[in-house]
Structures are given as C-alpha cells and as structure tokens.
Amino acid sequence: MLLKNFVFLAAVTTRSQAYIQAMVKNNYIPSLCIIMTDNVENVSYNLKGLQNMDSTYQLFNLNESILETLQKSNINYEFIDSIDINSDIIKRKLSNLKQEYIIYSGYGGYILKEHLFEMDKKFIHIHAGILPQYRGSTTAYYSILKERMLGATAIFLSKGIDEGDIITSKEFPIPNKNCNIDYLYEPYIRSQVLIKAIDLYIKDGEFIINQQNCIDAETYFIIHPVLKHISILSL
Amino acid sequence: MDYKYITKNNLENKQNYMYSDYNGKDFLYAYIETREKFINIKYNCLYKDLNKYCKQELGDTFSELAQLLINIENNDKDINEVCIIIDKYVKSFEVKKLLFSQYLQGTMKSVDGAEYTIYDNYIIFALILIKLYGKTKRLKYLNCVLKVDDTLLSINEILNMQQKYYLNVILNKELEIINNLYEEKRR
C-alpha cells in the first residue's frame, strides 16, 4: 500500500534500517524517503561490524543497508546533504513537500527547533519508552531496571521534549542478555510501534491522538554506564 | 580494565556518557576500584557537623542547596517540593556537567562571571542526591550522583580535607546503594 501522505526522513542508522524493513514487510510504502547524510558513500554501508550482535536474533536484517531496502522495493528516494534536522536545506526541502506526515528517524543529539513546527507538517516519532513515565534519554535501560520491561510510544513531535500527543504505545518483553539493546532491540521495538501506528491510521482513516497526562511524567537523562551494566546484567 | 569516566579534571573535560560500551562485570569491578581507592583513606576534618558545614558563605547556589539538605535532614519540608527544586539542578548538571555559583533568579541560566569551581556545590549536591534517592528511589537521582561523583573523583587531589571527608561519606553510601541494586536485580 502506498502511503501517499507520508515521507520517511531517515538518518543512516540501524533505527532507520529497522523502520524501512518493517514498513516494507508490512507493505507500507512511503511515497518518498529522504536520506540525511553528509557522505553519500556511507549510505550503502551496512552495520555488519557492530559488536555484541547476537546473530540468532532475526529482528531485522542488519546486513541490509537502507539503500538496498529502498532499491529492491522500488521506493522513491533522494539524498539531502545535511545531518542536521534544523538546517536551512532540510527546512526548504520539507516546506516544499506536499505530504503532511513525516516519519522521523533522525540522528541522535538533534532536537527539532521551533521553525519546524511552524510548517504544516506532523513529525511522527517513536520514543523508546512508555510515555509519560519514561521521557528523556536511554529510557529502555531505566524501564528494564524499574519494571523489567521495555516499551515504545508513537507521538507527534512538539516543542517540549517527549511531550507530544500520543498515537499509540506498546510494551515488550525484555530481550536475552546477548541481544544488543542500543543497535538491535530498541530499533526493533520502535519499528513495531511505527507499524502499529500506521495500522491504526489505515483502520481509522486518521490519527486518533491522546494528550499526555503529566501526573506520572518522569524525565530521564543519559544513563550512567554503571546503571546500564546493572540493567543488562539483570537480563 | 580502565574506567574512562574519571579524567584529570571532568570540569574541564566534559564527560560524554552516550552509547557507553558494555563490558560485563569487569566494568563494575573497575568502577568499584575507583571508589575504593578513595574511601580506603581516612579523612579527618573540623566540620563533621553538617549544620556547620552548611553555614559557609559560598554563594547563592551553595546556600540554596545547603538549606535543602538541612530541610531533608530535619524532615521539615515537603519532599515533593524539594524534588521540584532539585530536579532543576539535575537537569542543568546533566546537560552542562557543571554547577554554577549563581543562577539568574527563577532560571537555571548562570549569571555572567559565575564560577563553576566551587567544589562544595558538587559535594552538597551529591549529598542531597544520595539522600533523595534513599527517600524516593527515583533512579534519576542515583544516575546523577554517579556522574557528580565521577567529577569529584577527577578533582579529588585539589579538594580540601573537609570536602574529602564528605566525599568519603558520599562514596561509601553510593557503593552500598549500587551493591544493593545489583544484588536486587541480578539474575
């Protein structure tokens, strides 16, 4: 099914690989994929060499680059010479798009600036944590420590970090301790919630959203390696 | 194995904890060693009385944090109100990895010329975080104190005896908490 009103804005990351592979697997084809990169050579590179990968996990194919998936599925794509979502070049590109929804899979460390919310676009972001209880960074590890589970939530991005309206969410079991969370399991669970969000959109004909209830909200910061280790050793 | 999160001076070499490597139990042993190396030395100081320590005049940030610490010790302020204030310091430290001697009123923007080398600010902040974690079990406080302690250990050679004494207290408690957490969570 062609998602005419959707654009996939992708960084060259395992998260983007997980997203596009999940979409293709579920026959959800974005009308356009825009690949953010300052090095086109890099786009064909796959991430085979990542350490601690358990190859028995077949969550998605780490050996297939974003470009390979796009090409073999005949998905329209183009490159944009920037890795900064807030750059003028990306702003110009997005403002000229006819599509309303942007499935966002950007580079870490970039927070969307105000001018992007003044466009008539909605950015769909999948946060790796149940909201609002797990706002912030590296929340997968905190939820493993607190509740022995992980979750992901699809939201529309807003000016407040992780405060946007909720589309849907889902909880997942904790992985095996050999499964790399940062580069494999977390991208996978995000991709599954992306698919759930698109499923609901197709079923309802629109996105039905809920405002976050801030009573239980907690914002976490980059996890200290000691707590990260305790989290992984608890698996 | 090296514990790479304590440099010559973390205040000048901001630590990046993102995408940290996983190295199993060896990493935890390396972490423990960084703490035990310090706490195995006994430090004596004049101000073991926390109230006297908190009465020092070291700027607005110290005064505010010191008052909050006394409030926690005396149980005379609603813990949620304490948390609301400390959460702002946590956010500011987590982003900048620094504590400034003065902030613009009602904000966490440092005033021009504010110092970040008043080491007692980090000491008292760590004491508060340890105590707040004990009372609330909110992991963000434990997470933050681990980073504050990395910073304090990176400058431990230039701390005075009083600061070393309290750092000793903080690290002992930190190790106890981490050990209990590990035992509780391990499979």
# chains A, B, ... in the order shown; residues from 1 in each chain; ligands from 1
$ closest_atom_pairs --of "chain A" --to "chain B" --cutoff "10 Å" --atoms "only C-alpha atoms" --output "JSON lines"
{"residue": "A:Gln51", "atom": "CA", "partner": "B:Asp21", "partner_atom": "CA", "distance": 9.5}
{"residue": "A:Asn52", "atom": "CA", "partner": "B:Tyr22", "partner_atom": "CA", "distance": 8.8}
{"residue": "A:Gly108", "atom": "CA", "partner": "B:Met18", "partner_atom": "CA", "distance": 9.8}
{"residue": "A:Gly109", "atom": "CA", "partner": "B:Met18", "partner_atom": "CA", "distance": 9.8}
{"residue": "A:Ser137", "atom": "CA", "partner": "B:Met18", "partner_atom": "CA", "distance": 9.3}
{"residue": "A:Thr138", "atom": "CA", "partner": "B:Met18", "partner_atom": "CA", "distance": 8.6}
{"residue": "A:Tyr142", "atom": "CA", "partner": "B:Leu139", "partner_atom": "CA", "distance": 7.5}
{"residue": "A:Ile144", "atom": "CA", "partner": "B:Lys185", "partner_atom": "CA", "distance": 9.7}
{"residue": "A:Leu145", "atom": "CA", "partner": "B:Lys185", "partner_atom": "CA", "distance": 7.3}
{"residue": "A:Lys146", "atom": "CA", "partner": "B:Leu139", "partner_atom": "CA", "distance": 8.4}
{"residue": "A:Arg148", "atom": "CA", "partner": "B:Lys185", "partner_atom": "CA", "distance": 9.3}
{"residue": "A:Asn180", "atom": "CA", "partner": "B:Tyr22", "partner_atom": "CA", "distance": 9.4}
{"residue": "A:Asp182", "atom": "CA", "partner": "B:Tyr19", "partner_atom": "CA", "distance": 7.5}
{"residue": "A:Tyr183", "atom": "CA", "partner": "B:Tyr19", "partner_atom": "CA", "distance": 9.7}
{"residue": "A:Glu218", "atom": "CA", "partner": "B:Lys140", "partner_atom": "CA", "distance": 8.8}
{"residue": "A:Thr219", "atom": "CA", "partner": "B:Lys140", "partner_atom": "CA", "distance": 8.0}
{"residue": "A:Tyr220", "atom": "CA", "partner": "B:Lys140", "partner_atom": "CA", "distance": 6.0}
{"residue": "A:Phe221", "atom": "CA", "partner": "B:Glu94", "partner_atom": "CA", "distance": 6.7}
{"residue": "A:Ile222", "atom": "CA", "partner": "B:Met18", "partner_atom": "CA", "distance": 6.2}
{"residue": "A:Ile223", "atom": "CA", "partner": "B:Asn143", "partner_atom": "CA", "distance": 6.4}
{"residue": "A:His224", "atom": "CA", "partner": "B:Asn143", "partner_atom": "CA", "distance": 5.8}
{"residue": "A:Pro225", "atom": "CA", "partner": "B:Ser20", "partner_atom": "CA", "distance": 6.1}
{"residue": "A:Val226", "atom": "CA", "partner": "B:Leu28", "partner_atom": "CA", "distance": 6.6}
{"residue": "A:Leu227", "atom": "CA", "partner": "B:Asn143", "partner_atom": "CA", "distance": 7.2}
{"residue": "A:Lys228", "atom": "CA", "partner": "B:Tyr22", "partner_atom": "CA", "distance": 8.0}
{"residue": "A:His229", "atom": "CA", "partner": "B:Tyr22", "partner_atom": "CA", "distance": 6.6}
{"residue": "A:Ile230", "atom": "CA", "partner": "B:Tyr182", "partner_atom": "CA", "distance": 5.9}
{"residue": "A:Ser231", "atom": "CA", "partner": "B:Lys185", "partner_atom": "CA", "distance": 7.6}
{"residue": "A:Ile232", "atom": "CA", "partner": "B:Gly24", "partner_atom": "CA", "distance": 8.4}
{"residue": "A:Leu233", "atom": "CA", "partner": "B:Arg186", "partner_atom": "CA", "distance": 6.1}
{"residue": "A:Ser234", "atom": "CA", "partner": "B:Arg186", "partner_atom": "CA", "distance": 4.4}
{"residue": "A:Leu235", "atom": "CA", "partner": "B:Arg187", "partner_atom": "CA", "distance": 6.7}
$ residues_around --residues "Leu159 of chain B" --least-positions-apart "5" --cutoff "12 Å" --atoms "only C-alpha atoms" --output "ChimeraX atom specification"
/B:9,43,117-120,122-123,151-154,164-168
$ write_last_selection --atoms "all heavy atoms" --output "compact mmCIF listing (two decimals), in the first residue's frame"
# COMPACT_ATOMS: atom_id res chain seq x y z
N ASN B 9 40.43 16.16 35.07
CA ASN B 9 39.51 17.15 35.62
C ASN B 9 38.25 17.16 34.77
O ASN B 9 38.21 17.76 33.70
CB ASN B 9 40.14 18.54 35.64
CG ASN B 9 39.27 19.58 36.32
OD1 ASN B 9 38.06 19.42 36.42
ND2 ASN B 9 39.89 20.63 36.82
N TYR B 43 39.78 10.35 56.21
CA TYR B 43 39.92 11.80 56.18
C TYR B 43 39.31 12.40 57.44
O TYR B 43 38.19 12.07 57.82
CB TYR B 43 39.22 12.38 54.94
CG TYR B 43 39.77 11.81 53.66
CD1 TYR B 43 39.12 10.77 53.00
CD2 TYR B 43 40.96 12.29 53.12
CE1 TYR B 43 39.63 10.23 51.83
CE2 TYR B 43 41.48 11.75 51.96
CZ TYR B 43 40.82 10.72 51.32
OH TYR B 43 41.34 10.19 50.18
N THR B 117 33.75 26.36 39.86
CA THR B 117 34.78 25.62 40.59
C THR B 117 34.61 25.76 42.10
O THR B 117 35.59 25.65 42.84
CB THR B 117 36.18 26.12 40.17
OG1 THR B 117 36.22 27.55 40.31
CG2 THR B 117 36.48 25.73 38.74
N ILE B 118 33.38 26.00 42.54
CA ILE B 118 33.14 25.93 43.98
C ILE B 118 32.79 24.48 44.27
O ILE B 118 31.66 24.02 44.07
CB ILE B 118 32.03 26.90 44.41
CG1 ILE B 118 32.49 28.32 44.11
CG2 ILE B 118 31.70 26.72 45.89
CD1 ILE B 118 31.57 29.41 44.53
N TYR B 119 33.78 23.75 44.72
CA TYR B 119 33.65 22.29 44.82
C TYR B 119 32.62 21.88 45.86
O TYR B 119 32.02 20.81 45.75
CB TYR B 119 35.01 21.67 45.10
CG TYR B 119 36.07 22.09 44.09
CD1 TYR B 119 37.32 22.55 44.51
CD2 TYR B 119 35.81 22.06 42.73
CE1 TYR B 119 38.28 22.96 43.59
CE2 TYR B 119 36.77 22.47 41.80
CZ TYR B 119 37.99 22.93 42.23
OH TYR B 119 38.93 23.35 41.32
N ASP B 120 32.41 22.73 46.85
CA ASP B 120 31.41 22.40 47.86
C ASP B 120 30.01 22.30 47.25
O ASP B 120 29.14 21.61 47.78
CB ASP B 120 31.41 23.44 48.99
CG ASP B 120 32.67 23.35 49.84
OD1 ASP B 120 32.75 22.40 50.66
OD2 ASP B 120 33.56 24.19 49.68
N TYR B 122 29.27 20.84 44.48
CA TYR B 122 29.15 19.46 43.99
C TYR B 122 29.01 18.49 45.16
O TYR B 122 28.27 17.51 45.09
CB TYR B 122 30.36 19.09 43.12
CG TYR B 122 30.51 20.01 41.92
CD1 TYR B 122 31.27 21.17 42.00
CD2 TYR B 122 29.88 19.72 40.71
CE1 TYR B 122 31.40 22.04 40.92
CE2 TYR B 122 30.01 20.57 39.62
CZ TYR B 122 30.77 21.73 39.74
OH TYR B 122 30.88 22.59 38.66
N ILE B 123 29.73 18.78 46.23
CA ILE B 123 29.66 17.93 47.43
C ILE B 123 28.24 17.94 47.99
O ILE B 123 27.64 16.89 48.25
CB ILE B 123 30.65 18.42 48.52
CG1 ILE B 123 32.10 18.24 48.06
CG2 ILE B 123 30.39 17.73 49.86
CD1 ILE B 123 32.67 16.85 48.21
N THR B 151 32.96 13.30 38.69
CA THR B 151 33.55 14.65 38.62
C THR B 151 34.38 14.94 39.87
O THR B 151 35.52 15.41 39.79
CB THR B 151 32.44 15.70 38.46
OG1 THR B 151 31.77 15.47 37.22
CG2 THR B 151 33.00 17.11 38.49
N LEU B 152 33.82 14.64 41.02
CA LEU B 152 34.55 14.92 42.28
C LEU B 152 35.81 14.08 42.38
O LEU B 152 36.85 14.55 42.85
CB LEU B 152 33.61 14.66 43.47
CG LEU B 152 32.56 15.75 43.68
CD1 LEU B 152 31.47 15.28 44.64
CD2 LEU B 152 33.20 17.04 44.23
N LEU B 153 35.73 12.83 41.94
CA LEU B 153 36.94 12.00 41.99
C LEU B 153 38.00 12.51 41.02
O LEU B 153 39.19 12.38 41.27
CB LEU B 153 36.57 10.54 41.68
CG LEU B 153 35.97 9.79 42.87
CD1 LEU B 153 35.36 8.45 42.42
CD2 LEU B 153 37.01 9.54 43.96
N SER B 154 37.55 13.12 39.94
CA SER B 154 38.53 13.63 38.96
C SER B 154 39.31 14.80 39.53
O SER B 154 40.40 15.12 39.04
CB SER B 154 37.83 14.04 37.67
OG SER B 154 37.18 15.29 37.81
N LYS B 164 37.02 16.25 51.20
CA LYS B 164 37.38 14.83 51.08
C LYS B 164 36.61 13.99 52.08
O LYS B 164 36.17 12.88 51.80
CB LYS B 164 38.89 14.64 51.29
CG LYS B 164 39.71 15.10 50.10
CD LYS B 164 41.19 14.89 50.32
CE LYS B 164 41.97 15.35 49.09
NZ LYS B 164 43.42 15.26 49.24
N TYR B 165 36.43 14.54 53.28
CA TYR B 165 35.68 13.81 54.31
C TYR B 165 34.26 13.52 53.81
O TYR B 165 33.77 12.39 53.88
CB TYR B 165 35.63 14.62 55.61
CG TYR B 165 34.67 14.06 56.62
CD1 TYR B 165 35.02 12.95 57.39
CD2 TYR B 165 33.40 14.60 56.79
CE1 TYR B 165 34.14 12.40 58.29
CE2 TYR B 165 32.51 14.05 57.69
CZ TYR B 165 32.89 12.96 58.45
OH TYR B 165 31.98 12.42 59.34
N TYR B 166 33.61 14.57 53.31
CA TYR B 166 32.23 14.36 52.86
C TYR B 166 32.16 13.52 51.59
O TYR B 166 31.22 12.74 51.40
CB TYR B 166 31.52 15.71 52.66
CG TYR B 166 31.06 16.29 53.98
CD1 TYR B 166 31.62 17.45 54.49
CD2 TYR B 166 30.09 15.64 54.74
CE1 TYR B 166 31.22 17.96 55.71
CE2 TYR B 166 29.69 16.14 55.96
CZ TYR B 166 30.26 17.30 56.45
OH TYR B 166 29.87 17.79 57.67
N LEU B 167 33.15 13.62 50.73
CA LEU B 167 33.17 12.76 49.54
C LEU B 167 33.30 11.30 49.95
O LEU B 167 32.66 10.41 49.37
CB LEU B 167 34.32 13.15 48.61
CG LEU B 167 34.45 12.33 47.32
CD1 LEU B 167 33.15 12.33 46.51
CD2 LEU B 167 35.61 12.84 46.46
N ASN B 168 34.08 11.06 50.98
CA ASN B 168 34.22 9.72 51.55
C ASN B 168 32.86 9.19 52.00
O ASN B 168 32.47 8.05 51.72
CB ASN B 168 35.20 9.79 52.71
CG ASN B 168 35.69 8.42 53.15
OD1 ASN B 168 34.92 7.47 53.27
ND2 ASN B 168 36.97 8.30 53.40
$ closest_residue --among "A:Glu64, A:Asp88, A:Glu78, A:Asp162" --to "Ala217 of chain A" --atoms "only C-alpha atoms"
A:Asp162
$ atom_distance --atom1 "atom CA of Pro173 of chain A" --atom2 "atom CA of Gln58 of chain A"
15.6 Å
$ closest_residue --among "A:Leu157, A:Leu150, A:Tyr134, A:Thr13" --to "Leu116 of chain A" --atoms "only C-alpha atoms"
A:Leu157
$ atom_distance --atom1 "atom CA of Gly113 of chain B" --atom2 "atom CA of Asn51 of chain B"
28.5 Å
$ atom_distance --atom1 "atom CA of Phe117 of chain A" --atom2 "atom CA of Ile167 of chain A"
17.6 Å
$ select_by_dssp --residues "segment 85-233 of chain A" --states "alpha helix (DSSP H)" --output "PyMOL selection string"
chain A and resi 88-95+114-117+139-147+186-204+225-233
